[in-house]
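File shown here: query05.tsv, holding TSV, C-alpha atoms and all ligand atoms.
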chain	number	residue	atom	x	y	z
A	1	MET	CA	110.02	80.80	157.80
A	2	ILE	CA	108.65	81.74	154.38
A	3	GLU	CA	110.86	81.88	151.26
A	4	GLU	CA	109.72	85.07	149.49
A	5	SER	CA	112.32	84.90	146.69
A	6	TYR	CA	115.83	83.58	145.96
A	7	ASP	CA	117.37	86.12	148.41
A	8	THR	CA	114.54	87.14	150.76
A	9	LYS	CA	112.92	85.25	153.64
A	10	THR	CA	110.20	86.11	156.17
A	11	PHE	CA	110.63	85.04	159.80
A	12	VAL	CA	107.60	84.86	162.09
A	13	PHE	CA	108.14	85.07	165.85
A	14	GLY	CA	106.03	85.18	168.97
A	15	TRP	CA	105.80	88.77	170.27
A	16	ASN	CA	102.70	90.41	171.70
A	17	GLU	CA	104.02	93.99	171.61
A	18	GLU	CA	101.75	96.59	169.93
A	19	VAL	CA	103.23	97.64	166.57
A	20	ARG	CA	101.99	100.19	164.01
A	21	PRO	CA	102.44	99.75	160.22
A	22	GLY	CA	105.77	101.32	159.18
A	23	GLN	CA	107.54	100.80	162.52
A	24	PHE	CA	110.78	98.81	162.76
A	25	VAL	CA	112.75	96.74	165.26
A	26	MET	CA	116.46	96.35	166.04
A	27	VAL	CA	117.52	92.74	165.53
A	28	TRP	CA	120.55	91.50	167.43
A	29	VAL	CA	122.62	88.91	165.61
A	30	PRO	CA	124.91	87.56	168.36
A	31	GLY	CA	128.61	88.06	167.69
A	32	LEU	CA	127.99	90.12	164.56
A	33	ASP	CA	125.76	93.18	164.63
A	34	GLU	CA	122.44	94.72	165.55
A	35	ILE	CA	120.47	95.88	162.51
A	36	PRO	CA	117.15	97.63	161.79
A	37	MET	CA	114.33	95.65	160.16
A	38	SER	CA	110.81	96.80	159.35
A	39	VAL	CA	107.98	94.81	160.86
A	40	SER	CA	106.39	93.09	157.86
A	41	GLY	CA	103.62	91.23	159.64
A	42	ILE	CA	101.50	92.34	162.58
A	43	ASN	CA	99.24	89.95	164.46
A	44	ALA	CA	98.23	90.14	168.12
A	45	ARG	CA	100.64	87.43	169.28
A	46	THR	CA	103.09	87.14	166.41
A	47	LYS	CA	105.10	89.58	164.28
A	48	SER	CA	107.39	89.04	161.32
A	49	ILE	CA	110.42	90.52	159.61
A	50	THR	CA	111.31	90.03	155.95
A	51	VAL	CA	115.04	89.91	155.37
A	52	LYS	CA	116.99	90.32	152.14
A	53	ALA	CA	120.42	88.63	152.43
A	54	ILE	CA	122.98	91.24	151.42
A	55	GLY	CA	125.77	91.01	154.02
A	56	GLU	CA	127.05	89.20	157.09
A	57	ALA	CA	124.20	89.87	159.52
A	58	THR	CA	121.36	89.31	157.07
A	59	ARG	CA	122.99	86.09	155.78
A	60	LYS	CA	123.29	84.87	159.36
A	61	ILE	CA	119.58	85.56	159.95
A	62	HIS	CA	118.81	83.51	156.83
A	63	GLU	CA	120.40	80.48	158.53
A	64	LEU	CA	117.87	80.59	161.39
A	65	GLY	CA	115.32	77.83	161.64
A	66	VAL	CA	112.29	76.88	163.72
A	67	GLY	CA	113.10	77.13	167.44
A	68	ASP	CA	116.21	79.31	167.04
A	69	ARG	CA	116.19	82.51	169.10
A	70	ILE	CA	116.98	86.10	168.15
A	71	ARG	CA	116.80	89.21	170.27
A	72	ILE	CA	114.47	91.98	169.15
A	73	ARG	CA	114.06	95.42	170.70
A	74	GLY	CA	111.49	98.01	169.77
A	75	PRO	CA	109.19	98.79	168.10
A	76	TYR	CA	110.76	102.08	167.01
A	77	GLY	CA	109.79	104.97	164.76
A	78	ASN	CA	106.55	106.74	164.00
A	79	GLY	CA	104.93	104.55	161.32
A	80	PHE	CA	102.45	105.49	158.60
A	81	ASP	CA	99.30	107.55	159.17
A	82	LEU	CA	96.53	105.45	157.59
A	83	SER	CA	93.87	108.17	157.94
A	84	ARG	CA	94.88	110.25	154.91
A	85	GLY	CA	91.83	109.56	152.70
A	86	GLU	CA	92.20	107.61	149.44
A	87	MET	CA	95.69	106.11	149.59
A	88	LEU	CA	98.05	104.43	147.13
A	89	VAL	CA	100.72	102.28	148.79
A	90	VAL	CA	103.98	101.69	146.91
A	91	GLY	CA	106.69	99.15	147.78
A	92	GLY	CA	109.95	98.89	145.86
A	93	GLY	CA	112.28	95.89	146.27
A	94	VAL	CA	112.63	94.78	149.88
A	95	GLY	CA	110.98	98.09	150.87
A	96	THR	CA	107.75	96.20	150.07
A	97	ALA	CA	108.12	94.49	153.48
A	98	ALA	CA	107.71	97.84	155.26
A	99	VAL	CA	104.43	98.71	153.50
A	100	ILE	CA	102.71	95.30	153.70
A	101	PRO	CA	101.09	96.02	157.12
A	102	ALA	CA	99.75	99.32	155.71
A	103	ILE	CA	98.17	97.41	152.80
A	104	VAL	CA	96.75	94.74	155.13
A	105	GLN	CA	95.24	97.26	157.57
A	106	SER	CA	93.94	99.79	155.00
A	107	GLY	CA	93.01	97.62	151.99
A	108	ALA	CA	94.31	100.49	149.86
A	109	ASP	CA	95.32	100.30	146.20
A	110	ALA	CA	98.94	99.22	145.93
A	111	ILE	CA	101.98	98.80	143.71
A	112	ILE	CA	104.76	96.28	144.25
A	113	ALA	CA	107.78	97.09	142.10
A	114	ALA	CA	110.96	95.13	141.48
A	115	ARG	CA	113.73	94.67	138.93
A	116	THR	CA	112.41	91.34	137.56
A	117	LYS	CA	109.62	88.86	138.35
A	118	ASP	CA	112.11	86.88	140.47
A	119	ASP	CA	112.57	89.91	142.74
A	120	VAL	CA	108.83	90.51	143.35
A	121	ILE	CA	107.97	89.67	146.97
A	122	MET	CA	104.80	89.33	149.05
A	123	ASP	CA	102.44	89.91	146.11
A	124	ASP	CA	100.11	87.02	147.05
A	125	LEU	CA	99.60	88.47	150.53
A	126	ALA	CA	99.12	92.03	149.21
A	127	ARG	CA	96.59	90.78	146.62
A	128	ARG	CA	94.42	89.29	149.38
A	129	TYR	CA	94.00	92.70	151.05
A	130	SER	CA	94.47	95.42	148.44
A	131	LYS	CA	91.46	96.69	146.45
A	132	ASP	CA	93.69	97.02	143.38
A	133	LEU	CA	97.20	95.56	143.41
A	134	ARG	CA	99.48	96.09	140.43
A	135	ILE	CA	103.00	94.83	139.84
A	136	ALA	CA	105.74	96.74	138.00
A	137	THR	CA	109.03	95.24	136.83
A	138	ASP	CA	111.90	97.12	135.22
A	139	ASP	CA	112.32	94.41	132.54
A	140	GLY	CA	108.59	93.80	131.98
A	141	SER	CA	108.84	90.13	133.07
A	142	MET	CA	105.75	90.57	135.30
A	143	GLY	CA	102.96	93.16	135.23
A	144	PHE	CA	103.60	96.71	134.07
A	145	HIS	CA	106.83	97.20	132.09
A	146	GLY	CA	108.49	100.12	133.87
A	147	ASN	CA	109.22	101.49	137.32
A	148	ALA	CA	107.00	102.19	140.32
A	149	VAL	CA	106.78	105.93	139.66
A	150	GLN	CA	105.67	105.47	136.03
A	151	LEU	CA	102.92	103.07	137.17
A	152	MET	CA	101.96	105.40	140.03
A	153	LYS	CA	101.41	108.24	137.53
A	154	GLU	CA	99.21	105.93	135.38
A	155	MET	CA	97.10	104.93	138.39
A	156	ALA	CA	96.83	108.56	139.53
A	157	ALA	CA	95.49	109.45	136.05
A	158	GLU	CA	92.71	106.84	136.50
A	159	LYS	CA	91.72	107.72	140.06
A	160	ARG	CA	92.13	110.64	142.46
A	161	TYR	CA	94.37	109.76	145.43
A	162	ASP	CA	94.86	111.93	148.53
A	163	CYS	CA	98.16	110.43	149.66
A	164	VAL	CA	100.90	108.05	148.47
A	165	LEU	CA	102.68	105.87	151.07
A	166	ALA	CA	106.02	104.47	149.91
A	167	CYS	CA	109.15	102.57	150.92
A	168	GLY	CA	111.94	101.54	148.58
A	169	PRO	CA	115.25	102.71	147.14
A	170	GLU	CA	115.87	106.41	147.82
A	171	VAL	CA	115.86	107.26	144.10
A	172	MET	CA	112.34	105.77	143.87
A	173	LEU	CA	111.24	107.79	146.92
A	174	TYR	CA	112.67	110.99	145.43
A	175	PHE	CA	110.80	110.64	142.14
A	176	THR	CA	107.65	109.54	144.00
A	177	TYR	CA	107.86	112.81	145.95
A	178	LYS	CA	108.38	114.85	142.76
A	179	ALA	CA	105.38	113.13	141.11
A	180	CYS	CA	103.19	113.77	144.17
A	181	GLN	CA	104.20	117.45	144.09
A	182	ASP	CA	103.26	117.67	140.38
A	183	LEU	CA	99.94	115.91	141.04
A	184	GLY	CA	99.21	118.05	144.12
A	185	ILE	CA	98.76	115.03	146.42
A	186	GLY	CA	100.25	114.21	149.80
A	187	CYS	CA	102.90	111.59	150.47
A	188	GLN	CA	104.48	109.65	153.33
A	189	LEU	CA	107.92	108.21	152.57
A	190	SER	CA	109.78	105.71	154.75
A	191	MET	CA	113.50	106.59	154.75
A	192	GLU	CA	116.57	104.48	155.46
A	193	ARG	CA	119.73	105.68	157.17
A	194	TYR	CA	122.53	103.88	159.02
A	195	MET	CA	121.22	103.14	162.54
A	196	LYS	CA	123.01	102.11	165.72
A	197	CYS	CA	120.72	102.75	168.69
A	198	GLY	CA	117.42	102.96	166.76
A	199	ALA	CA	115.98	104.97	169.64
A	200	GLY	CA	116.98	108.61	169.04
A	201	ILE	CA	120.12	108.65	171.21
A	202	CYS	CA	123.32	108.21	169.16
A	203	GLY	CA	122.55	110.67	166.33
A	204	CYS	CA	124.09	108.52	163.59
A	205	CYS	CA	120.88	108.44	161.51
A	206	VAL	CA	120.36	112.22	161.28
A	207	MET	CA	119.10	113.88	158.13
A	208	ASP	CA	119.48	117.61	158.66
A	209	ASP	CA	118.03	118.04	162.17
A	210	MET	CA	115.75	114.99	162.04
A	211	ARG	CA	116.59	111.60	163.53
A	212	VAL	CA	115.31	109.06	161.03
A	213	CYS	CA	114.88	106.40	163.75
A	214	LYS	CA	112.82	108.60	166.10
A	215	ASP	CA	111.29	111.48	164.09
A	216	GLY	CA	110.81	109.07	161.15
A	217	PRO	CA	111.37	106.74	159.45
A	218	VAL	CA	108.20	108.06	157.80
A	219	PHE	CA	108.25	111.71	156.67
A	220	ASP	CA	105.40	113.50	154.95
A	221	GLU	CA	105.10	116.24	152.32
A	222	ARG	CA	105.45	118.99	154.97
A	223	GLN	CA	108.72	117.58	156.37
A	224	ILE	CA	110.40	116.35	153.18
A	225	PRO	CA	111.25	119.85	151.83
A	226	LEU	CA	113.27	120.36	155.06
A	227	LEU	CA	115.38	117.24	154.40
A	228	THR	CA	118.13	118.77	152.25
A	229	GLU	CA	120.10	115.46	152.38
A	230	PHE	CA	117.21	113.55	150.73
A	231	TRP	CA	118.58	111.79	147.60
A	232	LYS	CA	121.82	113.79	147.97
A	233	SER	CA	123.86	112.31	150.84
A	234	LYS	CA	123.89	109.95	153.80
A	235	ARG	CA	126.25	109.17	156.69
A	236	ASP	CA	128.42	106.05	156.80
A	237	PRO	CA	128.92	104.03	160.02
A	238	CYS	CA	131.68	106.50	161.07
A	239	GLY	CA	129.42	109.53	160.56
A	240	ARG	CA	131.16	110.70	157.37
A	241	ILE	CA	128.91	112.22	154.72
A	242	VAL	CA	128.75	110.11	151.55
A	243	SER	CA	127.22	111.31	148.27
A	244	LEU	CA	124.20	109.29	147.07
A	245	ARG	CA	124.39	110.31	143.40
B	1	LIG	C1	114.40	101.61	159.27
B	1	LIG	C2	115.01	100.53	158.43
B	1	LIG	C3	114.25	99.42	158.08
B	1	LIG	C4	114.82	98.40	157.32
B	1	LIG	N1	114.01	97.34	156.99
B	1	LIG	C5	114.54	96.31	156.29
B	1	LIG	C6	113.72	95.18	155.96
B	1	LIG	O1	112.53	95.12	156.27
B	1	LIG	N2	114.30	94.15	155.29
B	1	LIG	C7	115.63	94.18	154.91
B	1	LIG	O2	116.10	93.19	154.31
B	1	LIG	N3	116.40	95.25	155.18
B	1	LIG	C8	115.90	96.30	155.87
B	1	LIG	N4	116.70	97.39	156.18
B	1	LIG	C9	118.10	97.35	155.76
B	1	LIG	C10	118.92	96.45	156.67
B	1	LIG	O3	119.02	97.04	157.96
B	1	LIG	C11	120.32	96.23	156.06
B	1	LIG	O4	120.18	95.52	154.85
B	1	LIG	C12	121.18	95.42	157.00
B	1	LIG	O5	121.53	96.20	158.10
B	1	LIG	C13	122.44	94.91	156.29
B	1	LIG	O6	123.28	94.29	157.24
B	1	LIG	P1	124.35	93.19	156.79
B	1	LIG	O7	125.31	92.95	157.92
B	1	LIG	O8	123.68	91.97	156.24
B	1	LIG	O9	125.09	93.86	155.56
B	1	LIG	P2	126.35	94.82	155.55
B	1	LIG	O10	127.26	94.27	154.51
B	1	LIG	O11	126.86	95.09	156.92
B	1	LIG	O12	125.71	96.16	155.03
B	1	LIG	C14	125.18	96.30	153.72
B	1	LIG	C15	124.46	97.64	153.64
B	1	LIG	O13	123.34	97.61	154.54
B	1	LIG	C16	123.18	98.86	155.18
B	1	LIG	N5	123.34	98.70	156.64
B	1	LIG	C17	124.22	97.94	157.31
B	1	LIG	N6	124.09	98.07	158.63
B	1	LIG	C18	123.09	98.97	158.82
B	1	LIG	C19	122.49	99.56	159.96
B	1	LIG	N7	122.86	99.29	161.22
B	1	LIG	N8	121.50	100.47	159.76
B	1	LIG	C20	121.08	100.79	158.51
B	1	LIG	N9	121.59	100.26	157.39
B	1	LIG	C21	122.59	99.37	157.54
B	1	LIG	C22	124.26	99.78	154.62
B	1	LIG	O14	123.71	100.49	153.54
B	1	LIG	C23	125.31	98.83	154.11
B	1	LIG	O15	126.03	99.37	153.06
B	1	LIG	C24	116.17	98.44	156.91
B	1	LIG	C25	116.94	99.56	157.26
B	1	LIG	C26	116.39	100.60	158.00
B	1	LIG	C27	117.22	101.78	158.36
B	2	LIG	S1	120.08	105.40	165.27
B	2	LIG	FE1	120.74	106.45	167.07
B	2	LIG	S2	119.70	108.37	166.92
B	2	LIG	FE2	118.92	107.21	165.26
Would you encode the structure as structure tokens?
Amino acid sequence: MIEESYDTKTFVFGWNEEVRPGQFVMVWVPGLDEIPMSVSGINARTKSITVKAIGEATRKIHELGVGDRIRIRGPYGNGFDLSRGEMLVVGGGVGTAAVIPAIVQSGADAIIAARTKDDVIMDDLARRYSKDLRIATDDGSMGFHGNAVQLMKEMAAEKRYDCVLACGPEVMLYFTYKACQDLGIGCQLSMERYMKCGAGICGCCVMDDMRVCKDGPVFDERQIPLLTEFWKSKRDPCGRIVSLR
């Protein structure tokens, strides 16, 4: 177990399944819930998940120690396409966990963004692999003073990118998409929706006619204009539509 910050921990487990950057697993927390988690570390025999404690199931995972067992199924989802030329990888908050394997496998330029320096996670690991890693914090306590999208525009003014890969809060993804449109570059955004089966069966994660767990969670610049619910609404655990703004 690695303590990434005051509320986020990484758990490494033995698993020799083949996993692509951007894919996720369903983690069963006995007696409580089964929840989706991005795979934040990919090695031949081990994988990892990086968990931010926000509710019952994630707090329970935080109590796990060496030798404890959890049940994982997957991997699920499409993952990122790392063959899109010169890439800039952007992680916001705990969304950073989902993009770390893309940074490790591509060595691409990267941004890790967070509210304050205490919320920045996995920057040491990203720095080892990324050609140019920059940090952005909303309060300026570490790195660039501002948000991920402002820093992304600065980096795109210095260098021509073909595609931006991002995972983070939906508002960050929305403005990343807008900026990519303005700059005329491609993007791949990893989306989050409430998930039960994780495997394309139950339909609870739908955005328009896409299942985020199976058709996504990564959507590119050709698919995103078809997602009319993007940064507008999502479904709650009962399937009711809830406004995001
Ligand atoms: C594809 C995907 C990848 C994710 N990767 C990570 C990750 O790498 N690290 C991480 O810390 N978190 C990740 N999450 C979010 C994580 O699943 C939720 O934080 C977790 O389910 C919260 O459960 P809880 O019982 O602790 O909190 P709760 O109090 O039950 O829920 C808090 C909030 O978490 C979200 N949530 C709860 N259950 C689910 C569910 N079954 N599916 C989707 N969202 C849910 C809802 O927005 C809810 O309001 C990911 C979500 C998705 C969809
Ligand atoms: S979570 Fe069941 S279809 Fe996506």
May I ask you to write as a PyMOL selection string all residues lying at most 6 Å from ligand LIG 2 (chain B), with only C-alpha atoms and all ligand atoms counted? chain A and resi 195-205+211-213
Near Gln150 (chain A), counting only C-alpha atoms, which residues have an atom at most 12 Å away, once you skip same-chain residues fewer than 2 positions from it, shown as a PyMOL selection string? chain A and resi 90+111+113+135-138+144-148+152-157+172+175-176+178-180
Residues up to 6 Å from ligand LIG 1 (chain B), counting only C-alpha atoms and all ligand atoms: could you list those as number ranges by chain? A: 24, 35-38, 50-52, 54-59, 94, 97-98, 192-196, 217
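Minimum atom-to-atom distances from A:Met191, A:Gln181, A:Phe13, A:Val206 to Arg222 (chain A) were compared using all atoms listed in the file, and the lowest value belongs to A:Gln181.
Atom to atom, CA of Gly67 (chain A) and CA of Met122 (chain A) stand 23.6 Å apart.
Reported to one decimal place, the separation of CA of Lys117 (chain A) from CA of Phe11 (chain A) is 21.8 Å.
Across A:Lys9, A:Arg240, A:Lys214, A:His62, the tightest approach to Gly74 (chain A) is made by A:Lys214 when counting all atoms listed in the file.
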Between CA of Ser190 (chain A) and CA of Gly91 (chain A), what distance in Å does the model show, to one decimal?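 Between CA of Ser190 (chain A) and CA of Gly91 (chain A) the gap works out to 10.1 Å.
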Give me the residues within 8 Å of Ser48 (chain A) as a PyMOL selection string, counting all atoms listed in the file and dropping any in the same chain fewer than 4 places off. chain A and resi 10-13+39-42
Atoms to include: C-alpha atoms. Write the selected residues as a PDB file, keeping the file's coordinate frame.
ATOM      1  CA  THR A  10     110.200  86.110 156.170  1.00  0.00           C
ATOM      2  CA  PHE A  11     110.630  85.040 159.800  1.00  0.00           C
ATOM      3  CA  VAL A  12     107.600  84.860 162.090  1.00  0.00           C
ATOM      4  CA  PHE A  13     108.140  85.070 165.850  1.00  0.00           C
ATOM      5  CA  VAL A  39     107.980  94.810 160.860  1.00  0.00           C
ATOM      6  CA  SER A  40     106.390  93.090 157.860  1.00  0.00           C
ATOM      7  CA  GLY A  41     103.620  91.230 159.640  1.00  0.00           C
ATOM      8  CA  ILE A  42     101.500  92.340 162.580  1.00  0.00           C
TER       9      ILE A  42
END
So, with all atoms listed in the file as the atoms that count, which of A:Ser5, A:Val218, A:Ile61, A:Arg235 lies closest to Leu32 (chain A)?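 For Leu32 (chain A), the nearest of the given residues is A:Ile61.
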Which is closer to Lys234 (chain A) than all the others in A:Met207, A:Ala53, A:Val89, A:Val104, using all atoms listed in the file?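 For Lys234 (chain A), the nearest of the candidates is A:Met207.
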